[in-house]
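protein-v4.cif follows (mmCIF, C-alpha atoms):
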```
data_upload
loop_
_atom_site.label_atom_id
_atom_site.label_comp_id
_atom_site.auth_asym_id
_atom_site.auth_seq_id
_atom_site.Cartn_x
_atom_site.Cartn_y
_atom_site.Cartn_z
CA MET A 256 186.25 99.06 202.35
CA LYS A 257 183.14 96.94 202.89
CA TYR A 258 183.71 93.28 203.53
CA GLN A 259 180.44 91.58 202.81
CA ASN A 260 179.97 87.89 203.63
CA MET A 261 183.15 88.05 205.57
CA THR A 262 184.36 87.15 209.01
CA PRO A 263 183.21 89.94 211.37
CA GLN A 264 185.91 92.35 212.49
CA SER A 265 185.08 91.57 216.11
CA THR A 266 185.96 87.91 215.45
CA VAL A 267 189.22 88.90 213.79
CA ARG A 268 190.10 91.09 216.76
CA ARG A 269 189.52 88.21 219.18
CA LEU A 270 191.78 85.75 217.33
CA PRO A 271 195.06 87.27 218.68
CA LEU A 272 193.63 87.02 222.21
CA TYR A 273 192.83 83.32 221.73
CA LEU A 274 196.34 82.89 220.35
CA ARG A 275 197.88 84.47 223.45
CA LYS A 276 195.88 82.18 225.76
CA LEU A 277 196.94 79.15 223.72
CA ASP A 278 200.57 80.28 224.04
CA HIS A 279 200.13 80.39 227.82
CA LEU A 280 198.45 76.97 227.90
CA ILE A 281 201.19 75.41 225.75
CA GLU A 282 203.89 77.00 227.94
CA SER A 283 202.18 75.39 230.95
CA GLY A 284 202.29 72.02 229.21
CA ILE A 285 198.54 71.79 228.59
CA GLN A 286 197.79 69.74 225.49
CA VAL A 287 194.00 69.86 225.29
CA THR A 288 191.63 72.72 226.05
CA SER A 289 187.93 73.48 225.71
CA SER A 290 185.90 76.52 224.74
CA GLN A 291 184.90 76.64 228.45
CA GLU A 292 188.54 76.88 229.53
CA LEU A 293 189.33 79.48 226.87
CA SER A 294 186.24 81.34 228.06
CA SER A 295 187.34 81.47 231.69
CA ARG A 296 190.75 82.74 230.58
CA THR A 297 189.63 85.35 228.04
CA GLY A 298 186.30 86.57 229.40
CA PHE A 299 184.45 85.77 226.16
CA THR A 300 181.63 83.22 226.35
CA ALA A 301 182.31 79.65 225.29
CA GLU A 302 179.56 80.04 222.70
CA GLN A 303 181.26 83.13 221.23
CA ILE A 304 184.57 81.29 221.00
CA ARG A 305 183.00 78.28 219.25
CA LYS A 306 181.21 80.61 216.85
CA ASP A 307 184.38 82.57 216.11
CA LEU A 308 186.40 79.45 215.37
CA ALA A 309 183.60 77.95 213.27
CA TYR A 310 184.11 80.71 210.66
CA PHE A 311 187.36 79.00 209.72
CA GLY A 312 186.46 75.32 210.00
CA ALA A 313 186.15 72.57 212.59
CA PHE A 314 189.18 72.43 214.84
CA GLY A 315 187.92 70.54 217.86
CA THR A 316 186.58 67.08 218.56
CA ARG A 317 183.11 67.02 220.13
CA GLY A 318 183.40 66.12 223.79
CA LYS A 319 187.21 66.13 223.61
CA GLY A 320 187.99 69.79 223.04
CA TYR A 321 190.85 71.38 221.14
CA ASN A 322 194.43 70.25 220.82
CA THR A 323 196.27 73.41 221.95
CA LYS A 324 199.23 73.14 219.55
CA PHE A 325 197.03 72.25 216.59
CA LEU A 326 194.61 75.12 217.28
CA ARG A 327 197.54 77.53 217.75
CA GLU A 328 199.02 76.54 214.37
CA LYS A 329 195.61 76.93 212.73
CA ILE A 330 195.05 80.41 214.18
CA LEU A 331 198.59 81.47 213.21
CA LYS A 332 197.79 80.41 209.66
CA ILE A 333 194.36 82.09 209.64
CA ILE A 334 195.81 85.41 210.78
CA GLY A 335 198.82 85.06 208.48
CA LEU A 336 201.41 84.82 211.24
CA ASP A 337 202.84 81.58 209.88
CA GLU A 338 205.20 83.74 207.85
CA GLN A 339 206.71 87.16 208.65
CA THR A 340 204.77 90.12 207.27
CA ASN A 341 206.78 93.03 205.90
CA ILE A 342 205.59 96.38 207.19
CA VAL A 343 206.80 99.98 207.12
CA VAL A 344 206.47 102.79 209.62
CA VAL A 345 205.56 106.21 208.21
CA GLY A 346 206.47 109.06 210.56
CA VAL A 347 209.63 108.85 212.69
CA GLY A 348 208.68 110.89 215.75
CA HIS A 349 208.72 109.41 219.24
CA LEU A 350 205.71 107.21 218.53
CA GLY A 351 207.17 105.92 215.25
CA ILE A 352 210.46 105.13 216.97
CA ALA A 353 208.69 103.36 219.86
CA ILE A 354 206.63 101.23 217.48
CA THR A 355 209.61 100.39 215.28
CA ARG A 356 211.76 99.41 218.25
CA TYR A 357 208.99 97.32 219.80
CA ASN A 358 208.34 95.40 216.61
CA VAL A 359 212.01 94.80 215.85
CA THR A 360 212.83 93.53 219.33
CA LYS A 361 209.61 91.91 220.54
CA ASN A 362 207.38 90.98 217.62
CA PRO A 363 208.59 87.90 215.69
CA TYR A 364 205.63 88.06 213.32
CA VAL A 365 206.57 91.22 211.45
CA ASN A 366 209.64 92.58 209.74
CA VAL A 367 209.94 96.37 209.77
CA ALA A 368 211.50 96.79 206.32
CA ALA A 369 212.04 100.56 206.62
CA ALA A 370 210.76 103.73 208.27
CA PHE A 371 209.90 106.92 206.39
CA ASP A 372 209.91 110.63 207.13
CA ILE A 373 210.29 113.96 205.36
CA ASP A 374 212.62 115.59 207.90
CA PRO A 375 216.19 115.78 206.51
CA ALA A 376 217.47 115.71 210.11
CA ILE A 377 216.05 112.18 210.50
CA VAL A 378 216.29 110.69 206.98
CA GLY A 379 219.44 108.59 206.66
CA LYS A 380 219.52 107.62 210.33
CA LYS A 381 218.70 104.19 211.70
CA ILE A 382 216.36 102.90 214.40
CA LEU A 383 218.19 99.77 215.54
CA ASP A 384 218.77 98.13 212.14
CA VAL A 385 215.88 99.86 210.39
CA GLU A 386 216.84 102.58 207.90
CA VAL A 387 214.93 105.85 207.84
CA LEU A 388 214.25 106.76 204.21
CA HIS A 389 212.65 109.81 202.62
CA ILE A 390 208.94 109.31 201.98
CA SER A 391 209.58 109.70 198.23
CA ARG A 392 211.19 106.25 198.34
CA LEU A 393 208.12 104.50 199.82
CA LYS A 394 206.74 103.30 196.48
CA GLU A 395 210.04 101.76 195.39
CA THR A 396 210.45 100.03 198.78
CA ALA A 397 206.88 98.73 198.79
CA LYS A 398 207.38 97.07 195.41
CA LYS A 399 210.83 95.65 196.08
CA GLN A 400 210.12 94.26 199.53
CA ASP A 401 206.51 93.11 199.26
CA ILE A 402 205.27 95.48 201.98
CA ARG A 403 201.79 94.48 203.13
CA ALA A 404 200.95 97.08 205.78
CA ALA A 405 201.98 100.56 206.91
CA VAL A 406 201.86 102.01 210.41
CA LEU A 407 201.03 105.72 210.15
CA THR A 408 202.56 107.67 213.05
CA VAL A 409 202.68 111.24 211.74
CA PRO A 410 201.13 114.28 213.46
CA ALA A 411 197.50 115.07 212.56
CA GLU A 412 198.49 117.81 210.11
CA HIS A 413 200.54 115.38 207.99
CA ALA A 414 198.13 112.46 208.18
CA GLN A 415 196.41 113.15 204.85
CA ALA A 416 199.75 113.43 202.98
CA GLY A 417 201.10 110.31 204.70
CA PHE A 418 197.95 108.39 203.84
CA GLN A 419 198.21 109.45 200.20
CA SER A 420 201.86 108.35 199.96
CA ILE A 421 200.96 104.95 201.40
CA VAL A 422 198.02 104.40 199.07
CA GLU A 423 200.01 105.54 196.02
CA SER A 424 202.75 103.08 196.91
CA GLY A 425 200.24 100.24 196.55
CA ILE A 426 200.05 99.36 200.26
CA ASN A 427 196.41 98.77 201.13
CA VAL A 428 196.42 98.07 204.87
CA ILE A 429 197.06 100.94 207.29
CA TYR A 430 197.33 101.02 211.08
CA ASN A 431 196.62 104.69 211.78
CA PHE A 432 197.82 106.39 214.97
CA ALA A 433 197.20 109.93 213.72
CA PRO A 434 194.15 111.38 215.52
CA VAL A 435 192.42 111.99 212.18
CA LYS A 436 189.70 110.16 210.32
CA LEU A 437 191.24 109.02 207.03
CA PRO A 438 189.01 108.98 203.95
CA ALA A 439 187.28 105.68 203.12
CA MET A 440 188.69 104.22 199.91
CA LYS A 441 187.76 101.07 198.04
CA GLY A 442 190.31 98.33 198.58
CA ILE A 443 192.00 100.12 201.48
CA TYR A 444 191.66 98.80 205.02
CA VAL A 445 192.33 101.33 207.77
CA HIS A 446 192.45 100.43 211.45
CA ASN A 447 192.45 103.43 213.77
CA ALA A 448 194.38 103.04 217.02
CA ASP A 449 192.38 105.93 218.47
CA LEU A 450 194.30 106.34 221.69
CA SER A 451 192.46 109.59 222.49
CA ALA A 452 189.04 107.90 222.50
CA GLU A 453 190.48 105.11 224.64
CA LEU A 454 191.87 107.63 227.09
CA GLN A 455 188.45 109.25 227.34
CA SER A 456 186.80 105.97 228.23
CA ILE A 457 189.46 105.54 230.92
CA ILE A 458 188.63 108.98 232.30
CA TYR A 459 185.06 107.75 232.68
CA TYR A 460 186.24 105.11 235.14
CA ALA A 461 188.63 107.54 236.87
CA THR A 462 185.76 109.98 237.42
CA MET A 463 183.42 107.29 238.63
CA LEU A 464 185.89 105.81 241.09
CA HIS A 465 186.69 109.31 242.35
CA LYS A 466 183.00 110.02 242.98
CA GLU A 467 182.60 106.70 244.77
CA LYS A 468 185.60 107.44 246.98
CA ASN A 469 184.13 110.82 247.90
CA LYS A 470 180.79 109.20 248.73
CA ILE A 471 182.51 106.72 251.04
CA LEU A 472 184.49 109.53 252.73
CA ALA A 473 181.32 111.61 253.15
CA LYS A 474 179.60 108.72 254.96
CA LYS A 475 182.41 108.39 257.49
CA MET B 112 187.63 94.91 239.29
CA LYS B 113 184.12 93.62 238.68
CA TYR B 114 181.51 96.25 237.97
CA GLN B 115 178.19 94.59 238.53
CA ASN B 116 174.96 96.38 237.58
CA MET B 117 177.06 98.92 235.76
CA THR B 118 177.15 100.46 232.35
CA PRO B 119 178.80 97.94 230.00
CA GLN B 120 182.38 98.70 229.02
CA SER B 121 181.37 98.53 225.37
CA THR B 122 178.93 101.41 225.98
CA VAL B 123 181.60 103.43 227.77
CA ARG B 124 183.98 102.88 224.87
CA ARG B 125 181.40 104.15 222.37
CA LEU B 126 180.68 107.41 224.25
CA PRO B 127 183.89 109.16 223.03
CA LEU B 128 182.98 108.22 219.46
CA TYR B 129 179.50 109.77 219.83
CA LEU B 130 181.17 112.82 221.30
CA ARG B 131 183.47 113.17 218.32
CA LYS B 132 180.51 112.95 215.91
CA LEU B 133 178.62 115.56 217.91
CA ASP B 134 181.69 117.82 217.73
CA HIS B 135 181.65 117.46 213.93
CA LEU B 136 177.91 118.12 213.73
CA ILE B 137 178.19 121.22 215.94
CA GLU B 138 181.14 122.50 213.87
CA SER B 139 178.94 122.11 210.79
CA GLY B 140 176.23 124.17 212.46
CA ILE B 141 173.80 121.28 212.94
CA GLN B 142 171.59 121.83 215.99
CA VAL B 143 169.45 118.70 216.06
CA THR B 144 170.39 115.12 215.28
CA SER B 145 168.82 111.67 215.51
CA SER B 146 170.03 108.23 216.47
CA GLN B 147 169.67 107.40 212.73
CA GLU B 148 172.04 110.22 211.77
CA LEU B 149 174.51 109.28 214.51
CA SER B 150 174.23 105.71 213.26
CA SER B 151 175.11 106.57 209.67
CA ARG B 152 178.12 108.54 210.92
CA THR B 153 179.47 106.06 213.47
CA GLY B 154 178.55 102.68 212.03
CA PHE B 155 176.69 101.61 215.18
CA THR B 156 172.97 100.85 214.84
CA ALA B 157 170.44 103.50 215.88
CA GLU B 158 169.06 100.99 218.38
CA GLN B 159 172.49 100.52 219.95
CA ILE B 160 172.96 104.29 220.26
CA ARG B 161 169.54 104.77 221.89
CA LYS B 162 170.28 101.90 224.27
CA ASP B 163 173.72 103.30 225.15
CA LEU B 164 172.35 106.77 225.91
CA ALA B 165 169.43 105.36 227.89
CA TYR B 166 171.86 104.11 230.55
CA PHE B 167 172.37 107.71 231.56
CA GLY B 168 168.88 109.17 231.21
CA ALA B 169 166.56 110.57 228.54
CA PHE B 170 168.33 113.13 226.40
CA GLY B 171 166.17 113.28 223.29
CA THR B 172 162.62 114.26 222.48
CA ARG B 173 160.59 111.52 220.83
CA GLY B 174 160.17 112.35 217.14
CA LYS B 175 162.39 115.42 217.43
CA GLY B 176 165.78 113.86 218.11
CA TYR B 177 168.67 115.19 220.14
CA ASN B 178 169.88 118.76 220.54
CA THR B 179 173.53 118.38 219.54
CA LYS B 180 174.98 120.89 222.03
CA PHE B 181 172.85 119.61 224.90
CA LEU B 182 173.77 115.98 224.17
CA ARG B 183 177.46 116.92 223.86
CA GLU B 184 177.41 118.64 227.27
CA LYS B 185 175.66 115.64 228.81
CA ILE B 186 178.19 113.17 227.40
CA LEU B 187 181.10 115.37 228.50
CA LYS B 188 179.66 115.29 232.00
CA ILE B 189 178.97 111.54 231.95
CA ILE B 190 182.55 110.75 230.91
CA GLY B 191 183.96 113.34 233.30
CA LEU B 192 185.40 115.62 230.63
CA ASP B 193 183.59 118.68 231.98
CA GLU B 194 186.66 119.28 234.13
CA GLN B 195 190.32 118.47 233.43
CA THR B 196 191.54 115.15 234.82
CA ASN B 197 195.03 115.03 236.29
CA ILE B 198 197.07 112.11 235.01
CA VAL B 199 200.68 110.96 235.18
CA VAL B 200 202.83 109.06 232.71
CA VAL B 201 205.01 106.28 234.15
CA GLY B 202 207.92 105.38 231.87
CA VAL B 203 209.68 108.05 229.84
CA GLY B 204 210.87 106.15 226.78
CA HIS B 205 209.82 107.12 223.28
CA LEU B 206 206.24 105.98 223.86
CA GLY B 207 205.95 107.86 227.16
CA ILE B 208 207.30 111.02 225.54
CA ALA B 209 204.94 110.67 222.56
CA ILE B 210 201.91 110.23 224.84
CA THR B 211 202.94 113.09 227.12
CA ARG B 212 203.50 115.48 224.19
CA TYR B 213 200.23 114.49 222.53
CA ASN B 214 198.20 115.04 225.67
CA VAL B 215 199.85 118.34 226.53
CA THR B 216 199.42 119.81 223.06
CA LYS B 217 196.26 118.19 221.72
CA ASN B 218 194.09 116.91 224.55
CA PRO B 219 192.27 119.66 226.48
CA TYR B 220 190.56 117.15 228.75
CA VAL B 221 193.62 116.01 230.69
CA ASN B 222 196.49 117.65 232.53
CA VAL B 223 199.72 115.65 232.57
CA ALA B 224 200.86 116.60 236.07
CA ALA B 225 204.24 114.83 235.85
CA ALA B 226 206.09 111.95 234.21
CA PHE B 227 208.10 109.33 236.11
CA ASP B 228 211.10 107.17 235.43
CA ILE B 229 213.97 105.47 237.27
CA ASP B 230 216.73 106.42 234.83
CA PRO B 231 218.95 109.16 236.34
CA ALA B 232 219.77 110.30 232.79
CA ILE B 233 216.11 111.25 232.28
CA VAL B 234 214.93 112.25 235.78
CA GLY B 235 215.07 116.04 236.17
CA LYS B 236 214.46 116.73 232.47
CA LYS B 237 211.26 118.13 231.03
CA ILE B 238 208.91 117.05 228.25
CA LEU B 239 207.50 120.39 227.12
CA ASP B 240 206.42 121.77 230.51
CA VAL B 241 206.07 118.39 232.19
CA GLU B 242 208.73 117.52 234.75
CA VAL B 243 210.25 114.04 234.80
CA LEU B 244 210.47 112.90 238.43
CA HIS B 245 211.94 109.81 240.03
CA ILE B 246 209.33 107.08 240.53
CA SER B 247 209.91 107.31 244.30
CA ARG B 248 208.07 110.64 244.19
CA LEU B 249 204.90 109.23 242.59
CA LYS B 250 203.01 108.76 245.88
CA GLU B 251 203.67 112.32 247.04
CA THR B 252 202.65 113.73 243.63
CA ALA B 253 199.48 111.61 243.49
CA LYS B 254 198.32 112.96 246.86
CA LYS B 255 199.24 116.60 246.27
CA GLN B 256 197.81 116.89 242.78
CA ASP B 257 194.73 114.65 242.92
CA ILE B 258 196.00 112.30 240.20
CA ARG B 259 193.16 110.10 238.92
CA ALA B 260 194.85 107.93 236.29
CA ALA B 261 198.30 106.73 235.24
CA VAL B 262 199.50 105.81 231.77
CA LEU B 263 202.00 102.95 232.06
CA THR B 264 204.56 103.06 229.24
CA VAL B 265 207.47 101.05 230.61
CA PRO B 266 209.10 98.02 228.91
CA ALA B 267 207.55 94.62 229.71
CA GLU B 268 210.28 93.75 232.22
CA HIS B 269 209.46 96.82 234.35
CA ALA B 270 205.66 96.59 234.05
CA GLN B 271 205.12 94.76 237.34
CA ALA B 272 207.24 97.24 239.31
CA GLY B 273 205.59 100.22 237.59
CA PHE B 274 202.15 98.79 238.32
CA GLN B 275 203.04 98.33 241.97
CA SER B 276 204.31 101.90 242.31
CA ILE B 277 201.07 103.22 240.80
CA VAL B 278 198.81 101.14 243.02
CA GLU B 279 200.83 102.02 246.15
CA SER B 280 200.49 105.70 245.31
CA GLY B 281 196.70 105.35 245.54
CA ILE B 282 195.97 105.77 241.81
CA ASN B 283 193.38 103.18 240.84
CA VAL B 284 192.94 103.66 237.08
CA ILE B 285 195.71 102.53 234.73
CA TYR B 286 196.06 102.75 230.96
CA ASN B 287 198.61 100.03 230.29
CA PHE B 288 200.80 100.04 227.16
CA ALA B 289 203.26 97.43 228.44
CA PRO B 290 202.69 94.14 226.59
CA VAL B 291 202.04 92.35 229.87
CA LYS B 292 198.90 91.19 231.63
CA LEU B 293 198.79 93.05 234.93
CA PRO B 294 197.34 91.24 237.95
CA ALA B 295 193.64 91.78 238.67
CA MET B 296 193.20 93.73 241.90
CA LYS B 297 190.07 94.80 243.69
CA GLY B 298 189.36 98.49 243.20
CA ILE B 299 191.90 98.84 240.36
CA TYR B 300 190.72 99.42 236.80
CA VAL B 301 193.26 98.50 234.10
CA HIS B 302 192.70 99.18 230.42
CA ASN B 303 195.20 97.44 228.15
CA ALA B 304 196.13 99.26 224.94
CA ASP B 305 197.33 95.97 223.49
CA LEU B 306 198.91 97.32 220.33
CA SER B 307 200.46 93.94 219.53
CA ALA B 308 197.07 92.18 219.38
CA GLU B 309 195.75 95.03 217.24
CA LEU B 310 198.68 94.70 214.87
CA GLN B 311 197.97 90.98 214.54
CA SER B 312 194.36 91.62 213.56
CA ILE B 313 195.69 94.06 210.93
CA ILE B 314 198.01 91.39 209.58
CA TYR B 315 194.92 89.23 209.06
CA TYR B 316 193.56 91.80 206.60
CA ALA B 317 196.98 92.31 205.00
CA THR B 318 197.29 88.56 204.41
CA MET B 319 193.76 88.28 203.08
CA LEU B 320 194.12 91.20 200.67
CA HIS B 321 197.44 89.79 199.49
CA LYS B 322 195.86 86.40 198.77
CA GLU B 323 192.99 88.07 196.89
CA LYS B 324 195.44 90.08 194.80
CA ASN B 325 197.31 86.90 193.90
CA LYS B 326 194.05 85.20 192.92
CA ILE B 327 193.13 88.08 190.63
CA LEU B 328 196.61 88.04 189.07
CA ALA B 329 196.42 84.28 188.58
CA LYS B 330 193.14 84.63 186.67
CA LYS B 331 194.63 87.12 184.22
#
```
Show me the file's structure as structure tokens.
Amino acid sequence: MKYQNMTPQSTVRRLPLYLRKLDHLIESGIQVTSSQELSSRTGFTAEQIRKDLAYFGAFGTRGKGYNTKFLREKILKIIGLDEQTNIVVVGVGHLGIAITRYNVTKNPYVNVAAAFDIDPAIVGKKILDVEVLHISRLKETAKKQDIRAAVLTVPAEHAQAGFQSIVESGINVIYNFAPVKLPAMKGIYVHNADLSAELQSIIYYATMLHKEKNKILAKK
Amino acid sequence: MKYQNMTPQSTVRRLPLYLRKLDHLIESGIQVTSSQELSSRTGFTAEQIRKDLAYFGAFGTRGKGYNTKFLREKILKIIGLDEQTNIVVVGVGHLGIAITRYNVTKNPYVNVAAAFDIDPAIVGKKILDVEVLHISRLKETAKKQDIRAAVLTVPAEHAQAGFQSIVESGINVIYNFAPVKLPAMKGIYVHNADLSAELQSIIYYATMLHKEKNKILAKK
């Protein structure tokens, strides 16, 4: 899906980080903040923060900064966290269970309406209060419960089939944990978690620090 | 940890994505590629790709492009994937099990040397061939087996203790899945998976697409 004339993805990905900082500031009783303060707490430049927020309107007062509670409410509304979003989890292996449990217990912004699998040994069980249904019931659930996003946590070999079931059910936003590139489709937004690429970039630092340590030892 | 005069993190995070594209090109029998071709397949600009690679040396021939196998070998070496990296998993809940299983079965670049937990019901068990040891044995394992990175998959309330055990064992690279900001420490590199912030940015798109759908329906 191409989003022309739209807020850049990088801006969208920073919004939750601003939100978290605002939560911390509000918890500490701070009522007014500045792009400079948000900068020192997030690592993004003050200019970047002002630019990001400007996509959505004017939330600060020049020379006075931002009211933390007001800005938090605005960002909640921009992201769509001012109401709970119904999601489903497709694939009830260890990762699917971990993600379901986390979202049920720790994430007030989403409601995991159901989880789906094809394995008869799992279908019919529950993860906390979340029912595990057969994937053939995804379409019916998506319609009934206004499901707006699916988390895809199936093994690579089932990713294509899982993707197809999600798209056919009318859900058009997918958070993909399967280590597979899903096909680009008009009207479908896919975000790849890509843990394996992240792990590789971590290995870069592990290797570098190891080499540095060896250099230091060699000098001794 | 501050890395001054170093390759930017954004560059490091793109290297695995270039590697994956090169894998695809090599599988398709393509021997020579260009920054333009890599651009059209990764979504990064050709200029960005040239700039990223230039941090590590000159790998292409002007006007001829890059030899795919040569560039792949170079990137493997830069990241440190030319030899297996020993890692450990700290926290054997569903997420820890999922990550251990994935890396054992699908990731040739790492060796999961052991997993660690404090729960006596889990310690002593195995995940595939990986032994689950008590966290008190982390230091001894790290020394014996040259462990270069730890994946932290404990619940938020145990994140601080898990972090401390890792640092005390001499491991200085951490891939953190706990939804907690770990303290900055000199010589310690922490990469936060931050699935909850990612899910929030996905909700942004879910909300936006939902609003668009409603607009279209309203016009009918």
Pull the closest atom pair for each residue of chain B that gets at most 9 Å from chain A, along with the distance in Å to one decimal, counting only C-alpha atoms, ordering rows by chain and then ascending residue number, as JSON lines.
```
{"residue": "B:Gln120", "atom": "CA", "partner": "A:Ser456", "partner_atom": "CA", "distance": 8.5}
{"residue": "B:Val123", "atom": "CA", "partner": "A:Ser456", "partner_atom": "CA", "distance": 5.8}
{"residue": "B:Arg124", "atom": "CA", "partner": "A:Ser456", "partner_atom": "CA", "distance": 5.4}
{"residue": "B:Arg125", "atom": "CA", "partner": "A:Ser456", "partner_atom": "CA", "distance": 8.2}
{"residue": "B:Leu126", "atom": "CA", "partner": "A:Ser456", "partner_atom": "CA", "distance": 7.4}
{"residue": "B:Pro127", "atom": "CA", "partner": "A:Ala452", "partner_atom": "CA", "distance": 5.3}
{"residue": "B:Leu128", "atom": "CA", "partner": "A:Ala452", "partner_atom": "CA", "distance": 6.8}
{"residue": "B:Arg131", "atom": "CA", "partner": "A:Ala452", "partner_atom": "CA", "distance": 8.7}
{"residue": "B:Ile189", "atom": "CA", "partner": "A:Tyr459", "partner_atom": "CA", "distance": 7.2}
{"residue": "B:Ile190", "atom": "CA", "partner": "A:Tyr459", "partner_atom": "CA", "distance": 4.3}
{"residue": "B:Gly191", "atom": "CA", "partner": "A:Thr462", "partner_atom": "CA", "distance": 5.6}
{"residue": "B:Leu192", "atom": "CA", "partner": "A:Ile458", "partner_atom": "CA", "distance": 7.6}
{"residue": "B:Thr196", "atom": "CA", "partner": "A:Ile458", "partner_atom": "CA", "distance": 7.3}
{"residue": "B:Gly204", "atom": "CA", "partner": "A:Ala353", "partner_atom": "CA", "distance": 7.8}
{"residue": "B:His205", "atom": "CA", "partner": "A:His349", "partner_atom": "CA", "distance": 4.8}
{"residue": "B:Leu206", "atom": "CA", "partner": "A:Ala353", "partner_atom": "CA", "distance": 5.4}
{"residue": "B:Gly207", "atom": "CA", "partner": "A:His349", "partner_atom": "CA", "distance": 8.5}
{"residue": "B:Ile208", "atom": "CA", "partner": "A:His349", "partner_atom": "CA", "distance": 6.7}
{"residue": "B:Ala209", "atom": "CA", "partner": "A:His349", "partner_atom": "CA", "distance": 5.2}
{"residue": "B:Ile210", "atom": "CA", "partner": "A:Leu350", "partner_atom": "CA", "distance": 8.0}
{"residue": "B:Asn214", "atom": "CA", "partner": "A:Ser451", "partner_atom": "CA", "distance": 8.5}
{"residue": "B:Asn218", "atom": "CA", "partner": "A:Ser451", "partner_atom": "CA", "distance": 7.8}
{"residue": "B:Tyr220", "atom": "CA", "partner": "A:Gln455", "partner_atom": "CA", "distance": 8.3}
{"residue": "B:Val221", "atom": "CA", "partner": "A:Ile458", "partner_atom": "CA", "distance": 8.8}
{"residue": "B:Arg259", "atom": "CA", "partner": "A:Ala461", "partner_atom": "CA", "distance": 5.6}
{"residue": "B:Ala260", "atom": "CA", "partner": "A:Ala461", "partner_atom": "CA", "distance": 6.3}
{"residue": "B:Asn283", "atom": "CA", "partner": "A:Ala461", "partner_atom": "CA", "distance": 7.6}
{"residue": "B:Val284", "atom": "CA", "partner": "A:Ala461", "partner_atom": "CA", "distance": 5.8}
{"residue": "B:Ile285", "atom": "CA", "partner": "A:Ile457", "partner_atom": "CA", "distance": 7.9}
{"residue": "B:Tyr286", "atom": "CA", "partner": "A:Ile457", "partner_atom": "CA", "distance": 7.2}
{"residue": "B:Gly298", "atom": "CA", "partner": "A:Leu464", "partner_atom": "CA", "distance": 8.4}
{"residue": "B:Tyr300", "atom": "CA", "partner": "A:Tyr460", "partner_atom": "CA", "distance": 7.4}
{"residue": "B:Val301", "atom": "CA", "partner": "A:Ile457", "partner_atom": "CA", "distance": 8.6}
{"residue": "B:His302", "atom": "CA", "partner": "A:Ile457", "partner_atom": "CA", "distance": 7.2}
{"residue": "B:Ala304", "atom": "CA", "partner": "A:Leu450", "partner_atom": "CA", "distance": 8.0}
{"residue": "B:Leu306", "atom": "CA", "partner": "A:Ala448", "partner_atom": "CA", "distance": 8.0}
{"residue": "B:Ser307", "atom": "CA", "partner": "A:Asn362", "partner_atom": "CA", "distance": 7.8}
{"residue": "B:Ala308", "atom": "CA", "partner": "A:Pro271", "partner_atom": "CA", "distance": 5.4}
{"residue": "B:Glu309", "atom": "CA", "partner": "A:Arg268", "partner_atom": "CA", "distance": 6.9}
{"residue": "B:Leu310", "atom": "CA", "partner": "A:Tyr430", "partner_atom": "CA", "distance": 7.5}
{"residue": "B:Gln311", "atom": "CA", "partner": "A:Pro271", "partner_atom": "CA", "distance": 6.3}
{"residue": "B:Ser312", "atom": "CA", "partner": "A:Arg268", "partner_atom": "CA", "distance": 5.4}
{"residue": "B:Ile313", "atom": "CA", "partner": "A:Tyr430", "partner_atom": "CA", "distance": 7.2}
{"residue": "B:Ile314", "atom": "CA", "partner": "A:Gly335", "partner_atom": "CA", "distance": 6.5}
{"residue": "B:Tyr315", "atom": "CA", "partner": "A:Ile334", "partner_atom": "CA", "distance": 4.3}
{"residue": "B:Tyr316", "atom": "CA", "partner": "A:Val428", "partner_atom": "CA", "distance": 7.1}
{"residue": "B:Ala317", "atom": "CA", "partner": "A:Arg403", "partner_atom": "CA", "distance": 5.6}
{"residue": "B:Thr318", "atom": "CA", "partner": "A:Gly335", "partner_atom": "CA", "distance": 5.6}
{"residue": "B:Met319", "atom": "CA", "partner": "A:Gly335", "partner_atom": "CA", "distance": 8.1}
{"residue": "B:Leu320", "atom": "CA", "partner": "A:Asn427", "partner_atom": "CA", "distance": 7.9}
{"residue": "B:His321", "atom": "CA", "partner": "A:Arg403", "partner_atom": "CA", "distance": 7.4}
```
Report task. Kindly indicate which residue among A:Val359, A:Met261, A:Leu437, A:Ala369 lies nearest to Phe311 (chain A), using all atoms listed in the file for the distances. Result ->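 Among A:Val359, A:Met261, A:Leu437, A:Ala369, it is A:Met261 that comes nearest to Phe311 (chain A).
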Query - Proximity to Thr211 (chain B) - best of B:Ile246, B:Ile186, B:Met296, B:Ile238, only C-alpha atoms - result: B:Ile238
Report task. Would you work out the distance separating CA of Ile281 (chain A) from CA of Tyr310 (chain A), expressed in Å to one decimal? Result ->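 Taking CA of Ile281 (chain A) as the start and CA of Tyr310 (chain A) as the end point, the length is 23.4 Å.
Each of B:Ser280, B:Thr118, B:Thr179, B:Ser151 was compared to Glu138 (chain B) using only C-alpha atoms, and B:Thr179 turns out to be the nearest.
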Query - Residue neighbourhood Gln286 (chain A), 12 Å, all atoms listed in the file, exclusion window fewer than 4 positions, as number ranges by chain - result: A: 277-282, 319-327
Kindly export the residues of the current selection with C-alpha atoms, as a CSV table (one decimal), in the frame of the given file.
```
chain,number,residue,atom,x,y,z
A,277,LEU,CA,196.9,79.2,223.7
A,278,ASP,CA,200.6,80.3,224.0
A,279,HIS,CA,200.1,80.4,227.8
A,280,LEU,CA,198.4,77.0,227.9
A,281,ILE,CA,201.2,75.4,225.8
A,282,GLU,CA,203.9,77.0,227.9
A,319,LYS,CA,187.2,66.1,223.6
A,320,GLY,CA,188.0,69.8,223.0
A,321,TYR,CA,190.8,71.4,221.1
A,322,ASN,CA,194.4,70.2,220.8
A,323,THR,CA,196.3,73.4,222.0
A,324,LYS,CA,199.2,73.1,219.6
A,325,PHE,CA,197.0,72.2,216.6
A,326,LEU,CA,194.6,75.1,217.3
A,327,ARG,CA,197.5,77.5,217.8
```
